[in-house]
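What follows is the content of final.cif, which has mmCIF, C-alpha atoms and all ligand atoms:
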```cif
data_target
loop_
_atom_site.label_atom_id
_atom_site.label_comp_id
_atom_site.auth_asym_id
_atom_site.auth_seq_id
_atom_site.Cartn_x
_atom_site.Cartn_y
_atom_site.Cartn_z
CA MET O 480 16.59 -40.29 -1.07
CA LYS O 481 17.38 -40.65 -4.76
CA ASN O 482 21.07 -40.54 -5.49
CA ALA O 483 22.47 -37.82 -7.67
CA LEU O 484 22.90 -40.17 -10.58
CA GLU O 485 19.31 -41.34 -10.62
CA ILE O 486 18.03 -37.82 -10.93
CA ALA O 487 20.84 -36.66 -13.20
CA GLN O 488 19.76 -35.41 -16.55
CA ILE O 489 22.07 -36.61 -19.26
CA PRO O 490 23.19 -33.36 -20.92
CA ALA O 491 22.15 -32.74 -24.52
CA GLU O 492 25.73 -32.78 -25.83
CA ILE O 493 26.10 -36.37 -24.57
CA THR O 494 22.78 -37.60 -26.00
CA GLU O 495 23.63 -35.99 -29.34
CA LYS O 496 26.97 -37.79 -29.41
CA TRP O 497 25.29 -41.08 -28.42
CA GLN O 498 22.77 -40.61 -31.23
CA GLU O 499 25.63 -40.43 -33.74
CA ILE O 500 27.24 -43.58 -32.28
CA ILE O 501 23.97 -45.47 -32.48
CA ASP O 502 23.27 -44.34 -36.06
CA LEU O 503 26.77 -45.40 -37.11
CA LEU O 504 26.37 -48.70 -35.32
CA ALA O 505 23.18 -49.56 -37.18
CA GLU O 506 24.80 -48.58 -40.46
CA VAL O 507 28.08 -50.43 -39.97
CA LEU O 508 26.46 -53.58 -38.58
CA HIS O 509 23.72 -53.49 -41.26
CA VAL O 510 20.88 -53.88 -38.76
CA PRO O 511 17.52 -52.05 -38.66
CA SER O 512 17.82 -51.25 -34.98
CA ALA O 513 20.54 -50.03 -32.60
CA LEU O 514 19.44 -48.83 -29.18
CA ILE O 515 20.64 -47.40 -25.91
CA MET O 516 18.21 -48.44 -23.20
CA LYS O 517 17.95 -46.76 -19.80
CA VAL O 518 16.52 -48.59 -16.84
CA GLU O 519 13.87 -46.63 -14.91
CA PRO O 520 12.17 -49.24 -12.71
CA PRO O 521 9.55 -50.58 -13.18
CA ASN O 522 10.26 -49.75 -16.84
CA ILE O 523 13.05 -49.61 -19.31
CA ARG O 524 13.18 -46.67 -21.70
CA VAL O 525 14.40 -46.40 -25.28
CA PHE O 526 16.85 -43.63 -24.48
CA VAL O 527 18.56 -43.32 -27.87
CA CYS O 528 17.24 -45.01 -31.00
CA SER O 529 18.97 -45.36 -34.38
CA ASP O 530 17.44 -43.37 -37.16
CA SER O 531 17.50 -46.34 -39.52
CA GLU O 532 15.08 -47.96 -41.90
CA GLY O 533 12.86 -50.70 -40.50
CA ASN O 534 13.50 -49.74 -36.90
CA PRO O 535 10.30 -50.58 -34.99
CA TYR O 536 11.39 -48.79 -31.80
CA GLU O 537 10.86 -45.14 -30.96
CA ARG O 538 12.71 -42.80 -28.71
CA ASP O 539 11.31 -42.60 -25.14
CA GLU O 540 9.17 -45.65 -25.64
CA LEU O 541 8.75 -47.55 -22.37
CA ALA O 542 8.62 -51.29 -21.85
CA CYS O 543 7.77 -53.05 -18.62
CA LEU O 544 10.52 -54.94 -16.87
CA ASN O 545 9.96 -58.53 -15.78
CA THR O 546 8.49 -59.46 -19.10
CA GLY O 547 11.39 -61.51 -20.43
CA LEU O 548 13.11 -58.80 -22.48
CA TYR O 549 16.58 -59.46 -23.94
CA CYS O 550 17.84 -56.38 -22.11
CA GLU O 551 16.65 -57.70 -18.73
CA THR O 552 18.94 -60.70 -19.03
CA VAL O 553 21.85 -58.47 -20.05
CA MET O 554 21.34 -56.24 -17.02
CA LYS O 555 20.89 -59.16 -14.63
CA SER O 556 23.90 -61.14 -15.90
CA ARG O 557 25.95 -57.96 -16.55
CA GLN O 558 27.32 -59.76 -19.59
CA LEU O 559 27.11 -59.79 -23.33
CA LEU O 560 23.96 -61.52 -24.58
CA LEU O 561 23.93 -62.90 -28.08
CA VAL O 562 20.78 -64.46 -29.49
CA PRO O 563 21.41 -65.23 -33.22
CA ASP O 564 17.95 -66.62 -33.89
CA ALA O 565 15.27 -66.35 -31.23
CA LEU O 566 12.75 -68.35 -33.22
CA ALA O 567 15.07 -71.33 -33.16
CA ASP O 568 15.93 -70.86 -29.51
CA GLN O 569 13.60 -72.39 -26.90
CA GLU O 570 14.69 -69.93 -24.28
CA TRP O 571 13.88 -66.90 -26.44
CA ASN O 572 11.15 -67.90 -28.88
CA ALA O 573 8.42 -66.22 -26.82
CA ASN O 574 10.16 -62.97 -25.89
CA PRO O 575 8.23 -59.69 -26.42
CA ASP O 576 10.54 -58.29 -29.12
CA ILE O 577 9.53 -61.08 -31.50
CA LYS O 578 6.15 -59.40 -31.80
CA LEU O 579 7.99 -56.41 -33.28
CA GLY O 580 9.74 -58.73 -35.70
CA MET O 581 13.12 -58.57 -33.98
CA ILE O 582 14.41 -62.11 -33.87
CA SER O 583 18.11 -61.63 -33.24
CA TYR O 584 19.84 -59.63 -30.53
CA MET O 585 23.29 -58.61 -29.34
CA GLY O 586 23.65 -56.37 -26.27
CA PHE O 587 26.07 -55.23 -23.56
CA PRO O 588 25.21 -53.81 -20.16
CA VAL O 589 26.05 -50.13 -19.55
CA ALA O 590 26.94 -49.19 -15.97
CA TRP O 591 27.54 -46.02 -13.99
CA PRO O 592 31.08 -45.77 -12.54
CA ASN O 593 29.82 -46.91 -9.12
CA GLY O 594 28.59 -50.15 -10.68
CA ASP O 595 24.88 -49.28 -10.77
CA ILE O 596 23.27 -50.30 -14.03
CA PHE O 597 22.40 -47.47 -16.41
CA GLY O 598 20.88 -49.78 -19.04
CA THR O 599 22.12 -51.48 -22.21
CA ILE O 600 23.48 -50.84 -25.66
CA CYS O 601 22.17 -53.32 -28.20
CA VAL O 602 21.44 -54.10 -31.82
CA LEU O 603 18.48 -56.08 -33.13
CA ASP O 604 17.78 -57.61 -36.49
CA ALA O 605 14.68 -58.86 -38.26
CA ARG O 606 16.59 -61.87 -39.58
CA PRO O 607 18.87 -64.44 -37.95
CA ASN O 608 22.25 -62.84 -37.36
CA GLU O 609 25.41 -64.40 -35.90
CA TYR O 610 27.11 -61.04 -35.31
CA SER O 611 30.76 -61.60 -36.13
CA GLU O 612 33.61 -61.20 -33.66
CA LEU O 613 34.37 -57.82 -35.25
CA TYR O 614 30.78 -56.65 -34.66
CA ARG O 615 31.03 -57.71 -31.03
CA LYS O 616 34.23 -55.74 -30.66
CA ILE O 617 32.63 -52.65 -32.22
CA LEU O 618 29.62 -52.87 -29.90
CA PHE O 619 31.93 -53.40 -26.90
CA GLN O 620 33.96 -50.29 -27.82
CA CYS O 621 30.77 -48.25 -28.19
CA ARG O 622 29.76 -49.43 -24.70
CA GLU O 623 33.17 -48.31 -23.38
CA VAL O 624 32.62 -44.83 -24.86
CA LEU O 625 29.22 -44.62 -23.13
CA GLN O 626 30.69 -45.65 -19.78
CA THR O 627 33.51 -43.10 -20.10
CA ASP O 628 30.91 -40.39 -20.72
CA LEU O 629 29.01 -41.50 -17.60
CA LYS O 630 32.24 -41.36 -15.59
CA VAL O 631 32.91 -37.77 -16.69
CA LEU O 632 29.30 -36.87 -15.93
CA GLN O 633 29.46 -38.36 -12.45
CA ALA O 634 32.73 -36.56 -11.73
CA SER O 635 31.15 -33.25 -12.69
CA ILE O 636 28.05 -33.99 -10.58
CA ASP O 637 30.29 -34.88 -7.62
CA LEU O 638 32.24 -31.70 -8.10
CA GLU O 639 29.08 -29.61 -8.28
CA HIS O 640 27.89 -31.24 -5.05
CA LYS O 641 31.17 -30.56 -3.34
CA VAL O 642 31.05 -26.94 -4.44
CA LEU O 643 27.47 -26.61 -3.16
CA GLU O 644 28.36 -28.24 0.16
CA ARG O 645 31.43 -26.08 0.52
CA THR O 646 29.43 -22.95 -0.28
CA ALA O 647 26.80 -23.87 2.31
CA GLU O 648 29.56 -24.57 4.83
CA LEU O 649 31.18 -21.22 4.10
CA ARG O 650 27.84 -19.45 4.42
CA ARG O 651 27.24 -21.17 7.76
CA SER O 652 30.66 -20.24 9.09
CA GLY O 653 30.21 -16.69 7.76
CA GLU O 654 26.98 -16.38 9.69
CA LEU O 655 28.59 -17.80 12.82
CA LEU O 656 31.48 -15.38 12.48
CA GLN O 657 29.14 -12.43 12.10
CA LYS O 658 27.14 -13.51 15.15
CA ALA O 659 30.32 -13.94 17.18
CA GLN O 660 31.52 -10.50 16.10
CA THR O 661 28.25 -8.87 17.13
CA GLU O 662 28.31 -10.65 20.47
CA LEU O 663 31.94 -9.74 20.99
CA ALA O 664 31.30 -6.08 20.16
CA HIS O 665 28.40 -6.09 22.60
CA ALA O 666 30.41 -7.80 25.34
CA THR O 667 33.33 -5.43 24.83
CA ARG O 668 31.08 -2.39 25.05
CA VAL O 669 29.46 -3.61 28.23
CA THR O 670 32.74 -4.53 29.90
CA THR O 671 34.43 -1.29 28.92
CA LEU O 672 31.52 0.72 30.23
CA GLY O 673 31.30 -1.38 33.35
CA GLU O 674 35.00 -1.10 34.10
CA LEU O 675 35.16 2.56 33.28
CA THR O 676 32.17 3.66 35.29
CA SER O 677 33.08 1.63 38.34
CA SER O 678 36.66 2.92 38.41
CA LEU O 679 35.41 6.50 37.88
CA ALA O 680 32.90 6.07 40.68
CA HIS O 681 35.61 4.70 42.93
CA GLU O 682 38.04 7.55 42.15
CA VAL O 683 35.45 10.23 42.71
CA SER O 684 33.61 8.91 45.72
CA GLN O 685 36.54 9.17 48.18
CA PRO O 686 37.45 12.84 47.67
CA LEU O 687 33.77 13.63 47.48
CA GLY O 688 33.11 11.97 50.83
CA ALA O 689 36.04 13.85 52.37
CA MET O 690 34.81 17.14 50.91
CA SER O 691 31.31 16.66 52.37
CA LEU O 692 32.72 15.77 55.77
CA ASN O 693 35.00 18.82 55.80
CA ALA O 694 32.18 21.11 54.71
CA THR O 695 29.90 19.75 57.47
CA ALA O 696 32.65 20.17 60.06
CA ALA O 697 33.34 23.75 58.86
CA LEU O 698 29.64 24.61 59.02
CA CYS O 699 29.41 23.32 62.59
CA SER O 700 32.42 25.32 63.67
CA LEU O 701 31.15 28.60 62.18
CA ASP O 702 29.67 31.12 64.55
CA LEU O 703 25.98 30.65 63.66
CA GLU O 704 25.02 34.05 65.07
CA ASN O 705 27.56 36.10 63.15
CA PRO O 706 25.72 37.87 60.28
CA ASP O 707 29.04 38.54 58.44
CA LEU O 708 29.46 34.80 57.89
CA GLY O 709 26.04 34.32 56.25
CA GLU O 710 27.53 33.95 52.73
CA ALA O 711 30.09 31.41 53.89
CA ARG O 712 27.34 29.39 55.61
CA ASP O 713 25.25 29.35 52.41
CA ALA O 714 28.26 28.32 50.36
CA LEU O 715 29.01 25.45 52.75
CA ARG O 716 25.38 24.29 52.69
CA ALA O 717 25.48 24.37 48.88
CA ILE O 718 28.68 22.28 48.92
CA ILE O 719 27.05 19.73 51.22
CA MET O 720 23.94 19.51 49.03
CA ASP O 721 25.98 19.18 45.84
CA GLY O 722 28.00 16.47 47.55
CA GLU O 723 24.82 14.57 48.34
CA ARG O 724 23.63 14.87 44.77
CA ALA O 725 27.00 13.72 43.46
CA ASN O 726 26.91 10.73 45.82
CA ASP O 727 23.49 9.89 44.52
CA VAL O 728 24.78 9.95 40.94
CA ILE O 729 27.67 7.69 41.93
CA ARG O 730 25.28 5.24 43.57
CA ARG O 731 23.29 5.13 40.33
CA VAL O 732 26.38 4.66 38.19
CA ARG O 733 27.52 1.85 40.45
CA ALA O 734 24.12 0.23 40.21
CA LEU O 735 24.40 0.44 36.45
CA THR O 736 27.78 -1.24 36.34
CA LYS O 737 26.24 -4.23 38.01
CA MET O 738 24.24 -4.88 34.88
CA ASN O 739 24.76 -8.58 35.20
CA ASP O 740 22.82 -8.53 38.47
CA ILE O 741 19.81 -7.53 36.48
CA GLN O 742 16.67 -7.89 38.61
CA LYS O 743 13.88 -8.72 36.21
CA THR O 744 10.28 -8.56 37.39
CA PRO O 745 7.02 -8.29 35.46
CA LEU O 746 6.47 -4.60 34.77
CA ASP O 747 3.95 -2.33 33.14
CA ILE O 748 6.12 0.06 31.13
CA ASN O 749 3.51 2.81 31.58
CA ASP O 750 4.13 2.64 35.34
CA VAL O 751 7.87 2.99 34.76
CA ILE O 752 7.19 6.01 32.55
CA LYS O 753 4.95 7.54 35.25
CA ASP O 754 7.69 7.04 37.89
CA VAL O 755 10.20 8.83 35.70
CA MET O 756 7.78 11.65 34.86
CA LEU O 757 7.34 12.19 38.60
CA ILE O 758 11.08 12.25 39.26
CA PHE O 759 11.59 14.48 36.27
CA ARG O 760 8.78 16.98 36.71
CA GLN O 761 10.87 19.42 38.73
CA GLU O 762 13.82 19.21 36.33
CA ALA O 763 11.51 19.85 33.35
CA LEU O 764 9.79 22.77 35.08
CA SER O 765 13.06 24.44 35.92
CA HIS O 766 14.05 24.27 32.24
CA GLY O 767 10.66 25.54 31.00
CA VAL O 768 9.93 22.22 29.32
CA SER O 769 6.43 20.82 29.09
CA LEU O 770 6.36 17.09 29.69
CA SER O 771 3.61 14.82 28.41
CA GLN O 772 2.83 11.12 28.26
CA GLU O 773 0.79 9.37 25.58
CA SER O 774 0.39 5.72 26.49
CA ALA O 775 -1.48 2.95 24.78
CA SER O 776 -3.67 1.23 27.33
CA ALA O 777 -3.47 -2.45 28.27
CA LEU O 778 0.05 -2.90 26.94
CA PRO O 779 1.57 -6.35 27.47
CA GLN O 780 3.91 -6.44 30.45
CA VAL O 781 7.66 -6.69 30.06
CA LEU O 782 9.99 -8.74 32.17
CA GLY O 783 12.48 -6.07 33.13
CA ASP O 784 14.67 -4.34 35.66
CA ARG O 785 12.68 -1.30 36.87
CA VAL O 786 15.72 0.78 37.88
CA GLN O 787 17.57 0.14 34.64
CA LEU O 788 14.55 0.97 32.50
CA GLN O 789 14.04 4.17 34.51
CA GLN O 790 17.67 4.93 33.76
CA VAL O 791 17.08 4.59 30.01
CA LEU O 792 14.20 7.05 30.16
CA VAL O 793 16.10 9.48 32.40
CA ASN O 794 19.07 9.48 29.99
CA LEU O 795 16.81 10.10 26.99
CA LEU O 796 14.87 12.86 28.75
CA MET O 797 18.07 14.55 29.94
CA ASN O 798 19.44 14.48 26.40
CA GLY O 799 16.14 15.91 25.14
CA ILE O 800 16.28 18.77 27.63
CA GLN O 801 19.89 19.53 26.74
CA ALA O 802 19.10 19.47 23.00
CA MET O 803 16.24 21.92 23.58
CA SER O 804 18.17 24.30 25.77
CA ALA O 805 20.44 24.86 22.77
CA VAL O 806 17.57 26.33 20.73
CA THR O 807 15.50 29.39 21.47
CA GLY O 808 12.34 30.81 20.02
CA ARG O 809 10.21 27.67 20.05
CA ARG O 810 8.21 25.71 22.58
CA HIS O 811 10.24 23.16 24.48
CA GLU O 812 8.24 19.96 24.61
CA LEU O 813 9.13 16.45 25.64
CA ARG O 814 6.68 13.69 24.87
CA ILE O 815 6.90 10.02 25.88
CA ARG O 816 4.81 7.57 23.88
CA SER O 817 4.29 3.86 24.39
CA GLN O 818 2.61 1.32 22.12
CA GLU O 819 2.68 -2.29 21.01
CA GLN O 820 5.23 -3.12 18.34
CA GLY O 821 4.56 -6.28 16.34
CA PRO O 822 3.41 -9.44 18.05
CA ASP O 823 6.06 -9.58 20.76
CA HIS O 824 7.56 -6.19 21.48
CA ILE O 825 6.48 -2.90 22.95
CA LEU O 826 7.88 0.42 21.79
CA VAL O 827 8.67 3.56 23.75
CA ALA O 828 9.45 6.85 22.01
CA VAL O 829 10.87 10.05 23.49
CA GLU O 830 10.28 13.08 21.28
CA ASP O 831 11.83 16.50 21.77
CA THR O 832 11.79 19.84 19.97
CA GLY O 833 15.54 20.35 20.25
CA THR O 834 18.38 20.67 17.77
CA GLY O 835 17.72 17.43 15.91
CA ILE O 836 20.58 15.15 14.97
CA ASP O 837 23.36 16.21 12.69
CA PRO O 838 23.31 13.58 9.87
CA GLN O 839 27.07 13.20 10.04
CA ASN O 840 26.78 12.02 13.66
CA ALA O 841 23.82 9.71 13.12
CA ASP O 842 25.94 6.53 12.96
CA ARG O 843 27.96 7.31 16.08
CA LEU O 844 25.35 8.34 18.63
CA PHE O 845 25.42 5.03 20.48
CA SER O 846 29.21 4.60 20.47
CA ALA O 847 30.70 4.85 23.94
CA PHE O 848 32.38 8.23 24.51
CA PHE O 849 30.82 9.90 21.50
CA THR O 850 29.64 13.34 22.52
CA THR O 851 29.10 16.74 20.96
CA LYS O 852 28.74 18.45 24.33
CA PRO O 853 31.72 20.33 25.78
CA ASP O 854 31.23 18.69 29.18
CA GLY O 855 29.66 15.46 27.87
CA LEU O 856 30.94 12.00 28.71
CA GLY O 857 29.31 10.31 25.74
CA LEU O 858 28.07 7.39 27.80
CA GLY O 859 24.34 8.06 28.16
CA LEU O 860 23.11 6.51 24.92
CA SER O 861 25.62 3.72 25.06
CA ILE O 862 24.32 2.75 28.52
CA CYS O 863 20.75 2.95 27.17
CA GLN O 864 21.71 0.59 24.36
CA SER O 865 23.26 -1.96 26.71
CA ILE O 866 20.19 -1.95 28.93
CA VAL O 867 17.72 -2.15 26.06
CA GLU O 868 19.61 -5.04 24.44
CA ARG O 869 19.54 -6.86 27.76
CA HIS O 870 15.77 -6.55 27.57
CA GLY O 871 15.59 -8.16 24.13
CA GLY O 872 15.13 -4.86 22.31
CA LYS O 873 16.75 -2.31 20.04
CA ILE O 874 17.22 1.45 20.31
CA TRP O 875 17.61 4.07 17.61
CA GLY O 876 17.30 7.81 17.18
CA ALA O 877 16.58 10.15 14.30
CA SER O 878 15.71 13.75 13.57
CA ASN O 879 12.01 14.47 13.27
CA SER O 880 10.66 15.62 9.94
CA GLY O 881 9.74 18.93 11.59
CA VAL O 882 11.82 20.03 14.55
CA GLY O 883 13.79 18.10 17.15
CA SER O 884 14.45 14.39 17.31
CA THR O 885 12.91 11.15 18.51
CA PHE O 886 14.67 8.32 20.27
CA GLN O 887 12.80 5.02 20.28
CA PHE O 888 13.43 1.69 21.87
CA THR O 889 11.69 -1.67 21.91
CA LEU O 890 11.47 -4.22 24.73
CA LEU O 891 10.56 -7.86 24.51
CA ALA O 892 7.07 -8.43 25.88
CA ARG O 893 6.71 -10.85 28.75
CA GLY O 894 6.27 -14.47 27.79
CA GLN O 895 8.29 -14.11 24.58
CA VAL O 896 11.50 -16.07 24.34
CA HIS O 897 14.62 -13.93 24.22
P1 LIG I 901 26.37 12.85 26.15
O1 LIG I 901 24.99 13.28 26.56
O2 LIG I 901 27.34 12.80 27.30
O3 LIG I 901 26.92 13.60 24.98
P2 LIG I 901 25.08 10.54 25.04
O4 LIG I 901 25.61 9.20 24.72
O5 LIG I 901 23.88 10.59 25.88
O6 LIG I 901 26.27 11.33 25.70
O7 LIG I 901 24.77 11.32 23.71
C1 LIG I 901 25.71 11.30 22.66
C2 LIG I 901 25.42 12.40 21.66
O8 LIG I 901 24.22 12.12 20.97
C3 LIG I 901 25.19 13.76 22.26
O9 LIG I 901 26.41 14.42 22.54
C4 LIG I 901 24.40 14.45 21.15
O10 LIG I 901 25.25 14.92 20.12
C5 LIG I 901 23.57 13.34 20.59
N1 LIG I 901 22.20 13.34 21.15
C6 LIG I 901 21.74 12.54 22.12
N2 LIG I 901 20.43 12.83 22.37
C7 LIG I 901 20.08 13.81 21.52
C8 LIG I 901 18.86 14.55 21.29
N3 LIG I 901 17.74 14.30 21.98
N4 LIG I 901 18.87 15.47 20.31
C9 LIG I 901 19.99 15.74 19.59
N5 LIG I 901 21.16 15.09 19.78
C10 LIG I 901 21.21 14.14 20.73
#
```
Would you mind writing the structure in this file as structure tokens?
Ligand code: ADP
Amino acid sequence: MKNALEIAQIPAEITEKWQEIIDLLAEVLHVPSALIMKVEPPNIRVFVCSDSEGNPYERDELACLNTGLYCETVMKSRQLLLVPDALADQEWNANPDIKLGMISYMGFPVAWPNGDIFGTICVLDARPNEYSELYRKILFQCREVLQTDLKVLQASIDLEHKVLERTAELRRSGELLQKAQTELAHATRVTTLGELTSSLAHEVSQPLGAMSLNATAALCSLDLENPDLGEARDALRAIIMDGERANDVIRRVRALTKMNDIQKTPLDINDVIKDVMLIFRQEALSHGVSLSQESASALPQVLGDRVQLQQVLVNLLMNGIQAMSAVTGRRHELRIRSQEQGPDHILVAVEDTGTGIDPQNADRLFSAFFTTKPDGLGLGLSICQSIVERHGGKIWGASNSGVGSTFQFTLLARGQVH
């Protein structure tokens, strides 16, 4: 990976300042050429070039390294190089700059704060030049200015990186926090429901059992032949039947609280819908509701708990019936639809022709204990949500554009990773 400094663009305000330094340098030292060179292997670039007469170099011109340039030696030795007269110097009389007429050279290396070489700052002349001690000092000071600018630049790059890293870190921890909050909210809902329903079931089942027993005993002890006691007998039978129904409800609630013992098997959701329609037919008939099913064929299977998914449908159908019994003067219809949803979910929708959903309640429907019914517990939809989420899906409800409302839920199709 390239380090930040290699890819760093030198900002315009720095190059403009360096241009002024280089122009001044050429003027003060009376040379045709002052340069700042930047190493970009395998080349070296004329990064800043004095705007002076007789200067044979041009900005952005590239020269190959490893060709015996003055600047190469400066960068390798990391020291001042002074060549007063290349033509008279065996070591330098064949160097490439002679072709451009530059026969004397003075240059310093320029380094990034971490020690990496940036390039050089140098002056060249078309005639022999000894470059006085003063000129050396001036060039050295210019080099120091360049290195200070690079230090400031690196510090700002480092800072920018730190800010970026910190921002990414914050974003990551923000996402984690959000996920944890969602999971916590879900866990809390499930535990509260679980605890509440099981303690309710426990509280109710004992007196209910005693009531059924007493009613059965009373029925047995009644004189079966006595016509005056007919009403009492009917009342006792009704109590016993209600008791059985209540016990059945408690069994179901208890089963629901054991949501962690979820028994997942491969299921065809259309079969689950058919089961529920069968169970529900009588209930629908007695409320004058027409019940219909519209299923897409060959739906992918889901891996699910049959009883819990039946429970979701029963809750939604019961709510539909209750919402319809509150309105008169229109047909009461309940329709269950199933279809594929995207590549890995299936969708089930329960449509009714009831009251629809009051917009001000729309956000609270799935909250535990939210109810608008005088005798409601406000747990039905919240239980549905827990079950659906345990099947890798989502549930939502909305008023229809015409009459009534539709509750829809998705389930993860079998074979998809949850
Ligand atoms: P409960 O049935 O005990 O009120 P639920 O959690 O099942 O509890 O429902 C919460 C509330 O959502 C209901 O009181 C009702 O206001 C609203 N609701 C649920 N289903 C429907 C529906 N099909 N049409 C209109 N409102 C509904």
Would you list the residues that come within 9 Å of ligand LIG 901 (chain I)? Count only C-alpha atoms and all ligand atoms and give the answer as a PyMOL selection string.
chain O and resi 794-803+829-837+840-841+843-863+876-878+883-886
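Between O:Pro490 and the candidates O:Pro706, O:Ile636, O:Lys753, O:Arg712, the tightest atom-to-atom separation, counting all atoms listed in the file, involves O:Ile636.
Among O:Gly533, O:Gly586, O:Gly547, O:Pro607, the residue with the shortest atom-to-atom distance to O:Ala565, counting all atoms listed in the file, is O:Pro607.
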Test item: which residues lie within 12 Å of (15.6, -66.0, -32.8) counting only C-alpha atoms, as a VMD selection string:
chain O and resid 549 561 to 578 580 to 585 603 to 609
Can those selected residues be exported to a file as a PDB file, keeping the file's coordinate frame so that it contains C-alpha atoms?
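Saved file part_24.pdb follows:
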```pdb
ATOM      1  CA  TYR O 549      16.580 -59.460 -23.940  1.00  0.00           C
ATOM      2  CA  LEU O 561      23.930 -62.900 -28.080  1.00  0.00           C
ATOM      3  CA  VAL O 562      20.780 -64.460 -29.490  1.00  0.00           C
ATOM      4  CA  PRO O 563      21.410 -65.230 -33.220  1.00  0.00           C
ATOM      5  CA  ASP O 564      17.950 -66.620 -33.890  1.00  0.00           C
ATOM      6  CA  ALA O 565      15.270 -66.350 -31.230  1.00  0.00           C
ATOM      7  CA  LEU O 566      12.750 -68.350 -33.220  1.00  0.00           C
ATOM      8  CA  ALA O 567      15.070 -71.330 -33.160  1.00  0.00           C
ATOM      9  CA  ASP O 568      15.930 -70.860 -29.510  1.00  0.00           C
ATOM     10  CA  GLN O 569      13.600 -72.390 -26.900  1.00  0.00           C
ATOM     11  CA  GLU O 570      14.690 -69.930 -24.280  1.00  0.00           C
ATOM     12  CA  TRP O 571      13.880 -66.900 -26.440  1.00  0.00           C
ATOM     13  CA  ASN O 572      11.150 -67.900 -28.880  1.00  0.00           C
ATOM     14  CA  ALA O 573       8.420 -66.220 -26.820  1.00  0.00           C
ATOM     15  CA  ASN O 574      10.160 -62.970 -25.890  1.00  0.00           C
ATOM     16  CA  PRO O 575       8.230 -59.690 -26.420  1.00  0.00           C
ATOM     17  CA  ASP O 576      10.540 -58.290 -29.120  1.00  0.00           C
ATOM     18  CA  ILE O 577       9.530 -61.080 -31.500  1.00  0.00           C
ATOM     19  CA  LYS O 578       6.150 -59.400 -31.800  1.00  0.00           C
ATOM     20  CA  GLY O 580       9.740 -58.730 -35.700  1.00  0.00           C
ATOM     21  CA  MET O 581      13.120 -58.570 -33.980  1.00  0.00           C
ATOM     22  CA  ILE O 582      14.410 -62.110 -33.870  1.00  0.00           C
ATOM     23  CA  SER O 583      18.110 -61.630 -33.240  1.00  0.00           C
ATOM     24  CA  TYR O 584      19.840 -59.630 -30.530  1.00  0.00           C
ATOM     25  CA  MET O 585      23.290 -58.610 -29.340  1.00  0.00           C
ATOM     26  CA  LEU O 603      18.480 -56.080 -33.130  1.00  0.00           C
ATOM     27  CA  ASP O 604      17.780 -57.610 -36.490  1.00  0.00           C
ATOM     28  CA  ALA O 605      14.680 -58.860 -38.260  1.00  0.00           C
ATOM     29  CA  ARG O 606      16.590 -61.870 -39.580  1.00  0.00           C
ATOM     30  CA  PRO O 607      18.870 -64.440 -37.950  1.00  0.00           C
ATOM     31  CA  ASN O 608      22.250 -62.840 -37.360  1.00  0.00           C
ATOM     32  CA  GLU O 609      25.410 -64.400 -35.900  1.00  0.00           C
TER      33      GLU O 609
END
```
Taking 6 positions as the minimum chain separation for residues in the same chain, which residues sit within 9 Å of O:Asn726 when counting all atoms listed in the file? Answer as JSON, numbers by chain.
{"O": [684, 687, 688]}
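Closest approach to O:Cys601 from the set O:Ser512, O:Ser556, O:Gln787, O:Ser652 is made by O:Ser512, with distances taken over only C-alpha atoms.
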For O:Ala505, which of O:Val589, O:Ala680, O:Ile617, O:Ala647 is the closest residue, counting only C-alpha atoms?
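Once distances to O:Ala505 are computed over only C-alpha atoms, the minimum belongs to O:Ile617.
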How far is it from atom CA of O:Thr661 to atom CA of O:Glu868, in Å with one decimal?
11.9 Å
Using only C-alpha atoms, which of the listed residues (O:Val631, O:Leu770, O:Ala711, O:Val867) sits closest to O:Gly783?
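Closest residue, counting only C-alpha atoms: O:Val867.
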Å distance separating atom CA of O:Lys555 from atom CA of O:Glu506, one decimal place
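It comes out at 28.2 Å.
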Expressed in Å to a single decimal, how great is the separation between atom CA of O:Gln657 and atom CA of O:Asp823?
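Computed distance, atom CA of O:Gln657 to atom CA of O:Asp823, equals 24.8 Å.
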